[in-house]
Amino acid sequence: MRLSRRAGAGSSKPSASTRSGSTNAWEGPREVAETTPNPHLNAWRVFLDGCRQASSQVSSLLPSGHLTRINGLVMEAAGLKLPLGSSCRIIPPGGSPIEAEVVGFHGERLFLMPSEDVYGLSPGSRVVALETPARPPRIGSPPPARRRSIDRAKLVPVGNSLLGRVLDGAGRPLDRLGPLRASALRPLQSRPVNPMSRAPIVEVLDVGVRAINALLCVGRGQRMGLFAGSGVGKSVLLGMMARYTSAEVIVVGLIGERGREVKEFIEQILGEEGLRRSIVVAAPADVSPLMRLQGAAYATCVAEYFRDQGRQVLLIMDSLTRYAMAQREIALAIGEPPVTRGYPPSVFARLPQLVERAGNGPEGGGSITAFYTVLAEGDDQQDPIADSARAILDGHVVLSRMLADAGHYPAIDIEQSISRAMVNLVSPAHLDHIRRFRNLFSRYQRSRDLISVGAYVAGSDAQLDQAIASYPRFEAFLQQGLGQRAGFADSVAQLTSALGIPPERS
């Protein structure tokens with residue numbers, strides 16, 4: 001400004017010739033800046049583009065801590081704060097990473113449960129959270145929405161491509177048929193279902209087993225327990241239902257069982273025909289308790305996906321007792337006190353959370369009909385897990401060791417078995433036949449000792465005489481070979497025949 005005033009010869013305003021001339025001191029620098037290219041501009045643009053590309057390829061900064069202690073199954077970490085259920089990775093110096101999950105905390109310490117062997121870990125191993133932290137909001141922008149616990153859940157693969165595959169508890173293939181091509185991902189844990197949105201159980205599910213179809217009718221969306229000791233044929237019965245059922249999709253969860261049984265169940269019991277429409281989730285006894293819990297949750301998650309697609313699903317889980325034992329191992333390891341025969345309270349809280357995920361969907365949708373095996377320790381039907389499962393399920397089928405020892409298969413104890421939804425599924429005539437069968441069968445069993453020793457005199461009791469005459473037909477009716485299929489209609493017809501009722505009266 002001072003130079004311009006001096007050029008105007010003492011005038012406070014520049015002359016007209018100066019304002020319009022090409023040598024105007026005001027306009028000169030502006031014209032030079034507009035017409036002369038900046039030699040550094042392109043270099044800056046190239047530099048900024050490179051920074052943008054590099055920042056897009058860099059992963060977000062993850063919080064980390066360090067491993068301080070390993071006590072049995074549980075590891076302790078410090079320097080890291082994560083919510084329950086979060087996943088993390090433990091990176092030992094010079095070793096392979098191990099994935100773990102937060103199962104508890106105390107003060108500034110986190111309790112972690114590994115999903116695989118912990119051999120090779122050393123004190124001070126780095127613990128990294130797998131969850132990407134939310135970025136802080138910019139100045140003037142609204143605060144981010146509060147994250148729900150379901151949003152932090154693990155995502156597992158689901159979809160039609162899983163049919164015919166055998167997976168582990170984390171969704172990784174075990175059948176060596178190549179990688180999964182899942183069409184969707186779902187959270188491992190789901191929200192509780194509103195009970196008012198469930199459709200009622202009004203339709204019979206044909207399971208292909210004569211004794212269950214005729215005497216213990218199972219409805220679509222029903223949750224049944226299969227109570228048995230070890231070695232009484234529960235796996236064979238499950239395989240028969242999986243092979244002969246009318247359900248569209250079958251999900252099998254082999255949780256905590258022997259690893260040898262996984263291949264035998266698939267090849268010998270389920271068979272090629274059953275595997276074609278099945279998904280098998282296997283978490284045998286030699287995996288960590290965390291993977292056993294995840295295996296049961298994953299099998300239920302896959303069943304929920306197909307139910308939401310409007311399909312009829314049969315969920316078979318063997319066994320619910322091993323699931324409870326896995327939760328007991330974790331709970332006791334983090335310091336939860338035992339209350340009932342060594343089981344902590346969290347076990348009895350987790351059982352209904354898992355079972356209630358099965359059942360019917362909304363009206364007109366799909367359903368999950370579930371069979372959970374319950375291993376009665378020492379054939380004790382009053383075992384805490386058996387007693388708790390009996391209270392939360394919609395019925396139970398009890399397998400008898402005495403019948404199995406006598407070569408009676410399937411070894412179903414009709415007297416101790418019940419289906420709570422059967423009254424709403426069958427006709428009054430069918431229900432009357434079931435009551436008559438049970439009455440005569442029970443009457444014979446109560447007098448079995450007298451009959452065996454010859455102490456009963458024929459003609460003394462008309463009802464017992466009828467039971468004695470009918471028992472051979474009853475026993476043949478309750479037995480069924482592994483390769484035999486009995487449809488629902490055929491089972492009902494054979495029930496009336498075993499009772500000696502003419503077809504026209506049935």
# chains A, B, ... in the order shown; residues from 1 in each chain; ligands from 1

$ residues_around --residues "region 241-258 of chain A" --least-positions-apart "3" --cutoff "8 Å" --atoms "only C-alpha atoms" --output "tab-separated table (two decimals) with N, CA, C and O atoms, in the first residue's frame"
chain	number	residue	atom	x	y	z
A	205	LEU	N	-44.65	-83.68	13.69
A	205	LEU	CA	-43.43	-83.92	12.94
A	205	LEU	C	-43.17	-85.41	12.90
A	205	LEU	O	-43.06	-86.06	13.95
A	206	ASP	N	-43.09	-85.98	11.71
A	206	ASP	CA	-42.81	-87.39	11.54
A	206	ASP	C	-41.31	-87.62	11.71
A	206	ASP	O	-40.50	-87.10	10.94
A	207	VAL	N	-40.93	-88.40	12.73
A	207	VAL	CA	-39.52	-88.68	12.99
A	207	VAL	C	-39.11	-90.05	12.50
A	207	VAL	O	-37.93	-90.42	12.61
A	208	GLY	N	-40.03	-90.84	11.97
A	208	GLY	CA	-39.69	-92.13	11.40
A	208	GLY	C	-39.50	-93.25	12.40
A	208	GLY	O	-39.15	-94.36	12.02
A	209	VAL	N	-39.73	-93.01	13.70
A	209	VAL	CA	-39.60	-94.03	14.74
A	209	VAL	C	-41.01	-94.35	15.24
A	209	VAL	O	-41.74	-93.47	15.69
A	237	LEU	N	-30.61	-94.07	18.00
A	237	LEU	CA	-31.94	-93.49	17.91
A	237	LEU	C	-31.89	-92.11	17.25
A	237	LEU	O	-32.76	-91.77	16.43
A	238	LEU	N	-30.88	-91.31	17.58
A	238	LEU	CA	-30.74	-90.01	16.94
A	238	LEU	C	-30.49	-90.15	15.45
A	238	LEU	O	-31.03	-89.40	14.64
A	261	GLU	N	-16.61	-91.20	17.74
A	261	GLU	CA	-18.02	-91.28	17.43
A	261	GLU	C	-18.43	-90.30	16.34
A	261	GLU	O	-19.49	-90.48	15.72
A	262	VAL	N	-17.65	-89.26	16.10
A	262	VAL	CA	-18.03	-88.27	15.10
A	262	VAL	C	-18.07	-88.91	13.71
A	262	VAL	O	-19.08	-88.82	13.00
A	270	LEU	N	-25.75	-91.77	10.34
A	270	LEU	CA	-26.44	-90.76	9.54
A	270	LEU	C	-26.52	-91.18	8.08
A	270	LEU	O	-27.57	-91.06	7.45
A	271	GLY	N	-25.44	-91.68	7.54
A	271	GLY	CA	-25.45	-92.16	6.16
A	271	GLY	C	-25.36	-91.04	5.15
A	271	GLY	O	-25.49	-89.85	5.46
A	273	GLU	N	-27.41	-90.40	2.66
A	273	GLU	CA	-28.70	-89.74	2.43
A	273	GLU	C	-29.01	-88.72	3.51
A	273	GLU	O	-29.50	-87.63	3.22
A	274	GLY	N	-28.73	-89.07	4.77
A	274	GLY	CA	-28.99	-88.12	5.85
A	274	GLY	C	-28.04	-86.94	5.83
A	274	GLY	O	-28.43	-85.82	6.14
A	277	ARG	N	-28.70	-83.54	3.54
A	277	ARG	CA	-29.53	-82.41	4.00
A	277	ARG	C	-29.20	-82.02	5.45
A	277	ARG	O	-30.04	-81.49	6.16
A	278	SER	N	-27.99	-82.32	5.87
A	278	SER	CA	-27.59	-82.08	7.26
A	278	SER	C	-26.37	-81.18	7.33
A	278	SER	O	-25.59	-81.08	6.38
A	279	ILE	N	-26.23	-80.52	8.46
A	279	ILE	CA	-25.01	-79.80	8.82
A	279	ILE	C	-24.57	-80.36	10.16
A	279	ILE	O	-25.35	-80.39	11.12
A	280	VAL	N	-23.33	-80.82	10.25
A	280	VAL	CA	-22.81	-81.42	11.47
A	280	VAL	C	-21.78	-80.47	12.07
A	280	VAL	O	-20.82	-80.07	11.40
A	281	VAL	N	-21.98	-80.10	13.33
A	281	VAL	CA	-21.04	-79.28	14.09
A	281	VAL	C	-20.45	-80.17	15.17
A	281	VAL	O	-21.16	-80.65	16.06
A	282	ALA	N	-19.16	-80.40	15.09
A	282	ALA	CA	-18.49	-81.33	16.00
A	282	ALA	C	-17.51	-80.59	16.89
A	282	ALA	O	-16.63	-79.89	16.39
A	283	ALA	N	-17.68	-80.73	18.19
A	283	ALA	CA	-16.73	-80.20	19.18
A	283	ALA	C	-16.47	-81.31	20.18
A	283	ALA	O	-17.10	-81.38	21.24
A	284	PRO	N	-15.58	-82.27	19.85
A	284	PRO	CA	-15.38	-83.45	20.70
A	284	PRO	C	-14.78	-83.10	22.05
A	284	PRO	O	-14.47	-81.95	22.36
A	285	ALA	N	-14.59	-84.15	22.85
A	285	ALA	CA	-14.19	-83.95	24.24
A	285	ALA	C	-12.78	-83.41	24.39
A	285	ALA	O	-12.46	-82.84	25.45
A	286	ASP	N	-11.93	-83.55	23.38
A	286	ASP	CA	-10.54	-83.12	23.54
A	286	ASP	C	-10.32	-81.66	23.19
A	286	ASP	O	-9.18	-81.19	23.25
A	292	ARG	N	-16.42	-76.10	23.10
A	292	ARG	CA	-17.62	-76.92	23.29
A	292	ARG	C	-18.85	-76.04	23.46
A	292	ARG	O	-19.92	-76.32	22.92
A	295	GLY	N	-19.58	-74.61	20.09
A	295	GLY	CA	-20.15	-75.60	19.18
A	295	GLY	C	-21.65	-75.72	19.34
A	295	GLY	O	-22.40	-75.78	18.35
A	296	ALA	N	-22.12	-75.76	20.59
A	296	ALA	CA	-23.57	-75.83	20.83
A	296	ALA	C	-24.26	-74.56	20.36
A	296	ALA	O	-25.34	-74.61	19.76
A	299	ALA	N	-24.33	-74.56	16.41
A	299	ALA	CA	-25.36	-75.44	15.86
A	299	ALA	C	-26.74	-74.79	15.98
A	299	ALA	O	-27.56	-74.84	15.05
A	302	VAL	N	-27.05	-71.92	13.36
A	302	VAL	CA	-27.33	-72.40	12.01
A	302	VAL	C	-28.80	-72.80	11.88
A	302	VAL	O	-29.46	-72.50	10.88
A	303	ALA	N	-29.33	-73.48	12.91
A	303	ALA	CA	-30.74	-73.85	12.90
A	303	ALA	C	-31.64	-72.61	12.86
A	303	ALA	O	-32.67	-72.59	12.17
A	306	PHE	N	-31.92	-71.17	9.21
A	306	PHE	CA	-32.85	-71.86	8.32
A	306	PHE	C	-34.29	-71.68	8.78
A	306	PHE	O	-35.21	-71.65	7.96
A	311	ARG	N	-38.01	-72.54	6.85
A	311	ARG	CA	-37.85	-73.98	6.66
A	311	ARG	C	-38.04	-74.71	7.98
A	311	ARG	O	-37.89	-74.13	9.07
A	312	GLN	N	-38.39	-76.00	7.85
A	312	GLN	CA	-38.60	-76.85	9.02
A	312	GLN	C	-37.28	-77.54	9.36
A	312	GLN	O	-36.73	-78.28	8.55
A	313	VAL	N	-36.77	-77.31	10.55
A	313	VAL	CA	-35.45	-77.75	10.96
A	313	VAL	C	-35.57	-78.75	12.10
A	313	VAL	O	-36.39	-78.57	13.02
A	314	LEU	N	-34.77	-79.79	12.03
A	314	LEU	CA	-34.62	-80.73	13.15
A	314	LEU	C	-33.22	-80.52	13.73
A	314	LEU	O	-32.22	-80.73	13.05
A	315	LEU	N	-33.17	-80.10	14.98
A	315	LEU	CA	-31.90	-79.86	15.68
A	315	LEU	C	-31.65	-81.01	16.64
A	315	LEU	O	-32.48	-81.28	17.52
A	316	ILE	N	-30.54	-81.69	16.47
A	316	ILE	CA	-30.15	-82.80	17.35
A	316	ILE	C	-28.84	-82.42	18.02
A	316	ILE	O	-27.85	-82.14	17.35
A	317	MET	N	-28.87	-82.40	19.35
A	317	MET	CA	-27.66	-82.02	20.10
A	317	MET	C	-27.29	-83.13	21.08
A	317	MET	O	-28.10	-83.50	21.93
A	318	ASP	N	-26.10	-83.62	20.92
A	318	ASP	CA	-25.60	-84.72	21.74
A	318	ASP	C	-24.24	-84.28	22.34
A	318	ASP	O	-23.22	-84.30	21.63
A	319	SER	N	-24.19	-83.80	23.57
A	319	SER	CA	-25.27	-83.87	24.52
A	319	SER	C	-25.35	-82.57	25.31
A	319	SER	O	-24.37	-81.81	25.37
A	320	LEU	N	-26.51	-82.35	25.91
A	320	LEU	CA	-26.72	-81.17	26.74
A	320	LEU	C	-25.90	-81.26	28.03
A	320	LEU	O	-25.50	-80.23	28.59
A	322	ARG	N	-22.84	-82.53	28.33
A	322	ARG	CA	-21.47	-82.10	28.05
A	322	ARG	C	-21.38	-80.59	27.92
A	322	ARG	O	-20.37	-79.97	28.27
A	323	TYR	N	-22.44	-79.98	27.41
A	323	TYR	CA	-22.49	-78.51	27.36
A	323	TYR	C	-22.45	-77.92	28.77
A	323	TYR	O	-21.73	-76.96	29.05
A	485	ARG	N	-38.06	-97.81	8.43
A	485	ARG	CA	-38.70	-96.52	8.63
A	485	ARG	C	-40.18	-96.72	8.86
A	485	ARG	O	-40.84	-97.46	8.13

$ select_by_dssp --residues "region 334-468 of chain A" --states "helix (DSSP H, G or I)" --output "PyMOL selection string"
chain A and resi 345-355+377-379+384-392+401-405+422-424+428-446+448-453+462-468

$ closest_residue --among "A:Ser427, A:Gln445, A:Thr340, A:Asn360" --to "Ser197 (chain A)" --atoms "only C-alpha atoms"
A:Asn360

$ residues_around --residues "Gln463 (chain A)" --least-positions-apart "6" --cutoff "10 Å" --atoms "only C-alpha atoms" --output "number ranges by chain"
A: 439-440, 443-444, 469

$ residues_around --residues "Gly107 (chain A)" --least-positions-apart "3" --cutoff "12 Å" --atoms "only C-alpha atoms" --output "list in words"
Glu76, Ala77, Ala78, Gly79, Leu80, Lys81, Gly104, Leu110 and Phe111 of chain A

$ residues_around --residues "Arg328 (chain A)" --least-positions-apart "2" --cutoff "10 Å" --atoms "only C-alpha atoms" --output "PyMOL selection string"
chain A and resi 289+322-326+330-333+336+338+342-348

$ select_by_dssp --residues "region 232-306 of chain A" --states "strand (DSSP E)" --output "PyMOL selection string"
chain A and resi 249-255+278-283

$ write_last_selection --atoms "N, CA, C and O atoms" --output "PDB file, in the first residue's frame"
ATOM      1  N   VAL A 249     -34.348 -79.596   6.881  1.00  0.00           N
ATOM      2  CA  VAL A 249     -32.933 -79.410   7.209  1.00  0.00           C
ATOM      3  C   VAL A 249     -32.666 -80.045   8.568  1.00  0.00           C
ATOM      4  O   VAL A 249     -33.481 -79.938   9.489  1.00  0.00           O
ATOM      5  N   ILE A 250     -31.522 -80.711   8.685  1.00  0.00           N
ATOM      6  CA  ILE A 250     -31.123 -81.349   9.933  1.00  0.00           C
ATOM      7  C   ILE A 250     -29.796 -80.743  10.380  1.00  0.00           C
ATOM      8  O   ILE A 250     -28.842 -80.688   9.600  1.00  0.00           O
ATOM      9  N   VAL A 251     -29.745 -80.271  11.604  1.00  0.00           N
ATOM     10  CA  VAL A 251     -28.519 -79.730  12.191  1.00  0.00           C
ATOM     11  C   VAL A 251     -28.140 -80.620  13.363  1.00  0.00           C
ATOM     12  O   VAL A 251     -28.937 -80.806  14.291  1.00  0.00           O
ATOM     13  N   VAL A 252     -26.952 -81.182  13.314  1.00  0.00           N
ATOM     14  CA  VAL A 252     -26.482 -82.112  14.342  1.00  0.00           C
ATOM     15  C   VAL A 252     -25.320 -81.458  15.078  1.00  0.00           C
ATOM     16  O   VAL A 252     -24.328 -81.058  14.457  1.00  0.00           O
ATOM     17  N   GLY A 253     -25.440 -81.356  16.382  1.00  0.00           N
ATOM     18  CA  GLY A 253     -24.361 -80.839  17.213  1.00  0.00           C
ATOM     19  C   GLY A 253     -23.798 -81.943  18.084  1.00  0.00           C
ATOM     20  O   GLY A 253     -24.485 -82.431  18.989  1.00  0.00           O
ATOM     21  N   LEU A 254     -22.575 -82.372  17.806  1.00  0.00           N
ATOM     22  CA  LEU A 254     -21.900 -83.404  18.591  1.00  0.00           C
ATOM     23  C   LEU A 254     -20.958 -82.697  19.559  1.00  0.00           C
ATOM     24  O   LEU A 254     -19.844 -82.314  19.200  1.00  0.00           O
ATOM     25  N   ILE A 255     -21.416 -82.515  20.776  1.00  0.00           N
ATOM     26  CA  ILE A 255     -20.736 -81.662  21.747  1.00  0.00           C
ATOM     27  C   ILE A 255     -20.154 -82.521  22.862  1.00  0.00           C
ATOM     28  O   ILE A 255     -20.898 -83.211  23.581  1.00  0.00           O
ATOM     29  N   SER A 278     -27.989 -82.325   5.873  1.00  0.00           N
ATOM     30  CA  SER A 278     -27.590 -82.078   7.255  1.00  0.00           C
ATOM     31  C   SER A 278     -26.374 -81.179   7.327  1.00  0.00           C
ATOM     32  O   SER A 278     -25.591 -81.083   6.380  1.00  0.00           O
ATOM     33  N   ILE A 279     -26.226 -80.524   8.455  1.00  0.00           N
ATOM     34  CA  ILE A 279     -25.012 -79.800   8.824  1.00  0.00           C
ATOM     35  C   ILE A 279     -24.566 -80.359  10.165  1.00  0.00           C
ATOM     36  O   ILE A 279     -25.346 -80.393  11.119  1.00  0.00           O
ATOM     37  N   VAL A 280     -23.331 -80.824  10.253  1.00  0.00           N
ATOM     38  CA  VAL A 280     -22.805 -81.422  11.467  1.00  0.00           C
ATOM     39  C   VAL A 280     -21.781 -80.473  12.071  1.00  0.00           C
ATOM     40  O   VAL A 280     -20.823 -80.070  11.405  1.00  0.00           O
ATOM     41  N   VAL A 281     -21.984 -80.101  13.334  1.00  0.00           N
ATOM     42  CA  VAL A 281     -21.039 -79.276  14.089  1.00  0.00           C
ATOM     43  C   VAL A 281     -20.447 -80.168  15.167  1.00  0.00           C
ATOM     44  O   VAL A 281     -21.164 -80.648  16.056  1.00  0.00           O
ATOM     45  N   ALA A 282     -19.163 -80.403  15.094  1.00  0.00           N
ATOM     46  CA  ALA A 282     -18.492 -81.335  16.000  1.00  0.00           C
ATOM     47  C   ALA A 282     -17.511 -80.586  16.886  1.00  0.00           C
ATOM     48  O   ALA A 282     -16.626 -79.889  16.389  1.00  0.00           O
ATOM     49  N   ALA A 283     -17.682 -80.731  18.192  1.00  0.00           N
ATOM     50  CA  ALA A 283     -16.730 -80.203  19.181  1.00  0.00           C
ATOM     51  C   ALA A 283     -16.474 -81.313  20.179  1.00  0.00           C
ATOM     52  O   ALA A 283     -17.101 -81.379  21.242  1.00  0.00           O
TER      53      ALA A 283
END

$ residues_around --residues "Pro362 (chain A)" --least-positions-apart "6" --cutoff "9 Å" --atoms "only C-alpha atoms" --output "PyMOL selection string"
chain A and resi 196-199

$ residues_around --residues "Ser115 (chain A)" --least-positions-apart "3" --cutoff "7 Å" --atoms "only C-alpha atoms" --output "PyMOL selection string"
chain A and resi 99-100+288+290-291

$ write_last_selection --atoms "N, CA, C and O atoms" --output "PDB file, in the first residue's frame"
ATOM      1  N   GLU A  99      -6.095 -67.661  19.979  1.00  0.00           N
ATOM      2  CA  GLU A  99      -7.300 -66.868  20.206  1.00  0.00           C
ATOM      3  C   GLU A  99      -7.913 -67.238  21.552  1.00  0.00           C
ATOM      4  O   GLU A  99      -7.862 -68.396  21.985  1.00  0.00           O
ATOM      5  N   ALA A 100      -8.508 -66.248  22.178  1.00  0.00           N
ATOM      6  CA  ALA A 100      -9.130 -66.432  23.486  1.00  0.00           C
ATOM      7  C   ALA A 100     -10.340 -65.520  23.588  1.00  0.00           C
ATOM      8  O   ALA A 100     -10.579 -64.664  22.724  1.00  0.00           O
ATOM      9  N   SER A 288     -11.144 -77.446  23.846  1.00  0.00           N
ATOM     10  CA  SER A 288     -11.295 -76.642  25.048  1.00  0.00           C
ATOM     11  C   SER A 288     -12.770 -76.480  25.410  1.00  0.00           C
ATOM     12  O   SER A 288     -13.648 -76.579  24.545  1.00  0.00           O
ATOM     13  N   LEU A 290     -14.319 -73.843  26.004  1.00  0.00           N
ATOM     14  CA  LEU A 290     -14.865 -72.707  25.269  1.00  0.00           C
ATOM     15  C   LEU A 290     -15.368 -73.134  23.894  1.00  0.00           C
ATOM     16  O   LEU A 290     -16.440 -72.712  23.448  1.00  0.00           O
ATOM     17  N   MET A 291     -14.628 -74.014  23.207  1.00  0.00           N
ATOM     18  CA  MET A 291     -15.058 -74.484  21.900  1.00  0.00           C
ATOM     19  C   MET A 291     -16.274 -75.386  22.001  1.00  0.00           C
ATOM     20  O   MET A 291     -17.107 -75.429  21.098  1.00  0.00           O
TER      21      MET A 291
END

$ closest_residue --among "A:Ser125, A:Thr68, A:Ser190, A:Ser183" --to "Glu108 (chain A)" --atoms "only C-alpha atoms"
A:Thr68

$ closest_residue --among "A:Lys154, A:Lys234, A:Arg126, A:Arg165" --to "Leu180 (chain A)" --atoms "only C-alpha atoms"
A:Arg165

$ atom_distance --atom1 "CA of Val232 (chain A)" --atom2 "CA of Ile418 (chain A)"
18.7 Å

$ atom_distance --atom1 "CA of Ala498 (chain A)" --atom2 "CA of Ala476 (chain A)"
8.7 Å

$ closest_residue --among "A:Leu226, A:Leu431, A:Ile98, A:Val339" --to "Val374 (chain A)" --atoms "only C-alpha atoms"
A:Leu226

$ closest_residue --among "A:Pro428, A:Pro384, A:Gly239, A:Gly65" --to "Gln484 (chain A)" --atoms "only C-alpha atoms"
A:Gly239
